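Enquirer: Sharing target.txt below, compact mmCIF, N, CA and C atoms:
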# COMPACT_ATOMS: atom_id res chain seq x y z
N MET A 26 -144.00 44.82 32.93
CA MET A 26 -144.63 45.56 34.01
C MET A 26 -145.81 46.35 33.46
N PHE A 27 -146.89 46.37 34.20
CA PHE A 27 -148.11 47.08 33.80
C PHE A 27 -147.92 48.58 33.93
N ASN A 28 -148.29 49.31 32.89
CA ASN A 28 -148.19 50.77 32.92
C ASN A 28 -149.60 51.35 32.81
N PRO A 29 -150.15 51.87 33.92
CA PRO A 29 -151.52 52.38 33.89
C PRO A 29 -151.69 53.64 33.04
N LEU A 30 -150.60 54.25 32.63
CA LEU A 30 -150.67 55.46 31.83
C LEU A 30 -150.73 55.17 30.33
N GLY A 31 -150.76 53.90 29.98
CA GLY A 31 -150.88 53.55 28.58
C GLY A 31 -149.56 53.52 27.84
N GLY A 32 -148.45 53.62 28.53
CA GLY A 32 -147.15 53.48 27.90
C GLY A 32 -146.57 54.76 27.32
N ASP A 33 -147.30 55.86 27.34
CA ASP A 33 -146.78 57.09 26.75
C ASP A 33 -146.44 58.10 27.85
N PHE A 34 -145.58 57.67 28.75
CA PHE A 34 -145.22 58.50 29.90
C PHE A 34 -144.49 59.76 29.47
N GLN A 35 -143.62 59.66 28.46
CA GLN A 35 -142.86 60.83 28.01
C GLN A 35 -143.79 61.92 27.48
N LYS A 36 -144.81 61.53 26.73
CA LYS A 36 -145.78 62.51 26.21
C LYS A 36 -146.53 63.17 27.36
N LEU A 37 -146.93 62.39 28.35
CA LEU A 37 -147.63 62.93 29.51
C LEU A 37 -146.74 63.90 30.27
N GLN A 38 -145.46 63.56 30.40
CA GLN A 38 -144.51 64.43 31.09
C GLN A 38 -144.33 65.75 30.33
N GLN A 39 -144.27 65.70 29.01
CA GLN A 39 -144.15 66.91 28.20
C GLN A 39 -145.38 67.79 28.35
N GLN A 40 -146.55 67.18 28.39
CA GLN A 40 -147.79 67.94 28.57
C GLN A 40 -147.81 68.61 29.95
N ALA A 41 -147.34 67.91 30.97
CA ALA A 41 -147.30 68.47 32.32
C ALA A 41 -146.35 69.67 32.37
N GLN A 42 -145.21 69.56 31.71
CA GLN A 42 -144.25 70.67 31.67
C GLN A 42 -144.82 71.86 30.93
N ALA A 43 -145.52 71.61 29.84
CA ALA A 43 -146.13 72.69 29.08
C ALA A 43 -147.21 73.39 29.91
N MET A 44 -147.98 72.61 30.66
CA MET A 44 -149.00 73.19 31.51
C MET A 44 -148.38 74.03 32.61
N GLN A 45 -147.30 73.55 33.21
CA GLN A 45 -146.64 74.31 34.26
C GLN A 45 -146.08 75.62 33.72
N GLN A 46 -145.50 75.60 32.54
CA GLN A 46 -144.97 76.83 31.94
C GLN A 46 -146.09 77.82 31.66
N ALA A 47 -147.23 77.32 31.20
CA ALA A 47 -148.38 78.20 30.94
C ALA A 47 -148.90 78.80 32.24
N LEU A 48 -148.95 77.99 33.30
CA LEU A 48 -149.44 78.48 34.59
C LEU A 48 -148.52 79.55 35.18
N GLN A 49 -147.22 79.46 34.92
CA GLN A 49 -146.28 80.45 35.43
C GLN A 49 -146.56 81.84 34.86
N LYS A 50 -147.18 81.89 33.70
CA LYS A 50 -147.46 83.17 33.04
C LYS A 50 -148.77 83.80 33.51
N GLU A 51 -149.61 83.02 34.18
CA GLU A 51 -150.91 83.51 34.65
C GLU A 51 -150.78 84.06 36.07
N GLU A 52 -151.58 85.06 36.40
CA GLU A 52 -151.58 85.62 37.75
C GLU A 52 -153.01 85.81 38.24
N VAL A 53 -153.17 85.64 39.55
CA VAL A 53 -154.43 85.88 40.22
C VAL A 53 -154.16 86.92 41.30
N THR A 54 -155.01 87.93 41.38
CA THR A 54 -154.87 88.96 42.41
C THR A 54 -156.11 88.95 43.29
N VAL A 55 -155.89 88.91 44.59
CA VAL A 55 -156.99 88.95 45.56
C VAL A 55 -156.71 90.11 46.51
N GLU A 56 -157.73 90.95 46.69
CA GLU A 56 -157.62 92.07 47.64
C GLU A 56 -158.75 91.95 48.65
N ARG A 57 -158.37 91.99 49.93
CA ARG A 57 -159.36 91.87 50.98
C ARG A 57 -158.87 92.57 52.24
N ASN A 58 -159.66 93.46 52.77
CA ASN A 58 -159.36 94.14 54.04
C ASN A 58 -157.97 94.77 54.07
N GLY A 59 -157.59 95.42 52.99
CA GLY A 59 -156.30 96.12 52.95
C GLY A 59 -155.12 95.24 52.60
N VAL A 60 -155.37 93.96 52.36
CA VAL A 60 -154.30 93.03 51.99
C VAL A 60 -154.48 92.65 50.53
N ARG A 61 -153.39 92.75 49.79
CA ARG A 61 -153.40 92.39 48.36
C ARG A 61 -152.37 91.29 48.14
N VAL A 62 -152.81 90.18 47.54
CA VAL A 62 -151.93 89.06 47.24
C VAL A 62 -151.97 88.80 45.75
N VAL A 63 -150.79 88.72 45.13
CA VAL A 63 -150.66 88.37 43.72
C VAL A 63 -149.95 87.02 43.67
N MET A 64 -150.62 86.04 43.07
CA MET A 64 -150.06 84.69 43.00
C MET A 64 -150.09 84.21 41.56
N ARG A 65 -148.99 83.57 41.14
CA ARG A 65 -148.94 82.99 39.79
C ARG A 65 -149.75 81.69 39.78
N GLY A 66 -150.08 81.25 38.60
CA GLY A 66 -150.85 80.03 38.43
C GLY A 66 -150.15 78.78 38.94
N ASP A 67 -148.82 78.85 39.09
CA ASP A 67 -148.08 77.70 39.63
C ASP A 67 -147.92 77.81 41.14
N GLN A 68 -148.76 78.62 41.76
CA GLN A 68 -148.86 78.80 43.21
C GLN A 68 -147.66 79.48 43.84
N GLN A 69 -146.94 80.26 43.07
CA GLN A 69 -145.84 81.06 43.60
C GLN A 69 -146.36 82.47 43.87
N ILE A 70 -146.05 82.99 45.06
CA ILE A 70 -146.48 84.33 45.45
C ILE A 70 -145.59 85.36 44.75
N SER A 71 -146.19 86.27 44.02
CA SER A 71 -145.43 87.34 43.37
C SER A 71 -145.32 88.56 44.27
N GLU A 72 -146.40 88.85 45.00
CA GLU A 72 -146.41 90.06 45.81
C GLU A 72 -147.46 89.95 46.92
N VAL A 73 -147.12 90.50 48.08
CA VAL A 73 -148.08 90.70 49.17
C VAL A 73 -147.94 92.13 49.62
N SER A 74 -149.05 92.85 49.70
CA SER A 74 -148.99 94.20 50.24
C SER A 74 -150.08 94.35 51.30
N VAL A 75 -149.76 95.11 52.32
CA VAL A 75 -150.70 95.38 53.41
C VAL A 75 -150.86 96.89 53.48
N ASP A 76 -152.09 97.34 53.30
CA ASP A 76 -152.39 98.77 53.29
C ASP A 76 -151.47 99.54 52.34
N GLY A 77 -151.21 98.95 51.17
CA GLY A 77 -150.42 99.60 50.14
C GLY A 77 -148.91 99.46 50.31
N ILE A 78 -148.46 98.81 51.38
CA ILE A 78 -147.01 98.64 51.63
C ILE A 78 -146.64 97.21 51.27
N ILE A 79 -145.70 97.07 50.33
CA ILE A 79 -145.28 95.74 49.89
C ILE A 79 -144.52 95.04 51.02
N GLU A 80 -144.93 93.81 51.30
CA GLU A 80 -144.34 93.01 52.37
C GLU A 80 -143.73 91.73 51.77
N ASN A 81 -142.54 91.85 51.21
CA ASN A 81 -141.90 90.70 50.58
C ASN A 81 -141.62 89.56 51.56
N ARG A 82 -141.38 89.87 52.82
CA ARG A 82 -141.09 88.80 53.79
C ARG A 82 -142.32 87.93 54.01
N ILE A 83 -143.51 88.51 53.93
CA ILE A 83 -144.73 87.70 54.03
C ILE A 83 -144.86 86.82 52.79
N ALA A 84 -144.62 87.40 51.63
CA ALA A 84 -144.68 86.64 50.37
C ALA A 84 -143.69 85.48 50.40
N GLU A 85 -142.48 85.73 50.89
CA GLU A 85 -141.46 84.68 50.96
C GLU A 85 -141.88 83.57 51.91
N ALA A 86 -142.45 83.93 53.06
CA ALA A 86 -142.87 82.93 54.04
C ALA A 86 -144.02 82.07 53.48
N ILE A 87 -144.99 82.72 52.84
CA ILE A 87 -146.09 81.97 52.25
C ILE A 87 -145.58 81.08 51.12
N GLY A 88 -144.69 81.62 50.30
CA GLY A 88 -144.12 80.84 49.21
C GLY A 88 -143.39 79.60 49.71
N GLU A 89 -142.66 79.75 50.80
CA GLU A 89 -141.95 78.62 51.39
C GLU A 89 -142.93 77.57 51.92
N ALA A 90 -144.01 78.03 52.54
CA ALA A 90 -145.02 77.10 53.05
C ALA A 90 -145.69 76.34 51.91
N VAL A 91 -146.01 77.03 50.82
CA VAL A 91 -146.62 76.37 49.66
C VAL A 91 -145.66 75.33 49.09
N LYS A 92 -144.39 75.69 48.96
CA LYS A 92 -143.39 74.76 48.43
C LYS A 92 -143.30 73.51 49.28
N LYS A 93 -143.30 73.68 50.60
CA LYS A 93 -143.20 72.52 51.49
C LYS A 93 -144.43 71.62 51.39
N THR A 94 -145.61 72.21 51.23
CA THR A 94 -146.80 71.38 51.08
C THR A 94 -146.80 70.64 49.75
N GLN A 95 -146.25 71.27 48.70
CA GLN A 95 -146.14 70.59 47.41
C GLN A 95 -145.16 69.42 47.48
N GLU A 96 -144.05 69.63 48.19
CA GLU A 96 -143.08 68.55 48.38
C GLU A 96 -143.69 67.41 49.18
N LEU A 97 -144.46 67.74 50.20
CA LEU A 97 -145.13 66.73 51.01
C LEU A 97 -146.11 65.92 50.15
N ALA A 98 -146.88 66.62 49.32
CA ALA A 98 -147.84 65.94 48.45
C ALA A 98 -147.13 65.01 47.47
N ALA A 99 -146.00 65.44 46.93
CA ALA A 99 -145.24 64.60 46.01
C ALA A 99 -144.72 63.34 46.71
N LYS A 100 -144.21 63.50 47.93
CA LYS A 100 -143.73 62.34 48.69
C LYS A 100 -144.86 61.35 48.97
N LYS A 101 -146.01 61.87 49.36
CA LYS A 101 -147.16 61.01 49.65
C LYS A 101 -147.61 60.27 48.40
N LEU A 102 -147.61 60.96 47.26
CA LEU A 102 -148.00 60.33 46.00
C LEU A 102 -147.05 59.19 45.66
N ILE A 103 -145.76 59.39 45.87
CA ILE A 103 -144.77 58.34 45.61
C ILE A 103 -145.00 57.17 46.55
N GLU A 104 -145.24 57.45 47.84
CA GLU A 104 -145.50 56.38 48.82
C GLU A 104 -146.72 55.56 48.42
N ILE A 105 -147.79 56.24 48.05
CA ILE A 105 -149.03 55.56 47.68
C ILE A 105 -148.81 54.71 46.43
N SER A 106 -148.12 55.25 45.43
CA SER A 106 -147.91 54.50 44.19
C SER A 106 -147.01 53.30 44.41
N GLN A 107 -146.03 53.41 45.32
CA GLN A 107 -145.15 52.27 45.62
C GLN A 107 -145.91 51.19 46.39
N ASN A 108 -146.82 51.58 47.25
CA ASN A 108 -147.60 50.62 48.03
C ASN A 108 -148.61 49.88 47.17
N GLN A 109 -149.00 50.42 46.04
CA GLN A 109 -149.98 49.79 45.17
C GLN A 109 -149.34 48.80 44.21
N GLN A 110 -148.02 48.76 44.16
CA GLN A 110 -147.34 47.84 43.22
C GLN A 110 -147.15 46.49 43.83
Once you've parsed the file, please lay out its structure as structure tokens.

Expert:
Amino acid sequence: MFNPLGGDFQKLQQQAQAMQQALQKEEVTVERNGVRVVMRGDQQISEVSVDGIIENRIAEAIGEAVKKTQELAAKKLIEISQNQQ
């Protein structure tokens, strides 16, 4: 079977895991119009505050939405790769 990744899938998988671990340690903070969002590099919401009041329920809802879109993207990628074989 043809392997477009050059046959070193395990090495590629290890690199992806290392990148994900590194991204979990990074944070981005955006403040706009009284809203502050802190997000990790792996797209997980750490904190949402509105006018200085922490709103964990907003962070949880956004985090759930991000997770669902990531799952959707993974499913689509699998579908596309299966259709190309």

Enquirer: If you run DSSP on the backbone here, which positions in chain A get strand (DSSP E)? Please write them as a count of residues only.

Expert: 20

Enquirer: Select, from A:Val75, A:Val62, A:Leu102, A:Ala47, the residue with the minimum atom-to-atom distance to A:Gly88, counting only C-alpha atoms.

Expert: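 Counting only C-alpha atoms, the residue closest to A:Gly88 is A:Val62.
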
Enquirer: Hey, can you check how far atom C of A:Lys93 sits from atom CA of A:Gln69?

Expert: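 Atom CA of A:Gln69 lies 12.3 Å from atom C of A:Lys93.
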
Enquirer: If we count all atoms listed in the file and set the cut-off at 6.5 Å, which residues sit around A:Glu72, ignoring sequence neighbours fewer than 6 positions away in its own chain? Please answer as a ChimeraX atom specification.

Expert: /A:61-64,80,84

Enquirer: Measuring between all atoms listed in the file, which one of A:Val55, A:Leu48, A:Ile83, A:Ala41 shows the shortest distance to A:Asp67?

Expert: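 When distances to A:Asp67 are compared using all atoms listed in the file, the smallest one comes from A:Leu48.
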
Enquirer: Give me, please, the distance in Å between atom N of A:Gln95 and atom C of A:Gly77, quoted to one decimal.

Expert: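 Between atom N of A:Gln95 and atom C of A:Gly77 the gap is 28.4 Å.
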
Enquirer: Return as AutoDock Vina command-line options the centre and edge lengths, in Å with one decimal, of the box along x, y and z that encloses every atom of stretch 38-41 of chain A in the file, padded by 3 Å per side.

Expert:
--center_x -146.0 --center_y 66.6 --center_z 30.3 --size_x 9.7 --size_y 12.1 --size_z 10.2

Enquirer: Pull the helix (DSSP H, G or I) assignments for stretch 30-102 of chain A out of DSSP run on the backbone, and list those residues as number ranges by chain.

Expert: A: 34-50, 81-102

Enquirer: So, counting only N, CA and C atoms, which residue among A:Lys92, A:Glu85, A:Gly66, A:Gln40 is closest to A:Glu52?

Expert: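 For A:Glu52, the nearest of the candidates is A:Gly66.
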
Enquirer: Give me, as a PyMOL selection string, all polymer residues having an atom no more than 6 Å from A:Arg65, counting all atoms listed in the file and skipping those fewer than 5 positions away in the same chain.

Expert: chain A and resi 48-49+51-53+70-71

Enquirer: Quote the spacing between atom CA of A:Val60 and atom N of A:Glu89 in Å to one decimal place.

Expert: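 Going from atom CA of A:Val60 over to atom N of A:Glu89, I get 17.7 Å.
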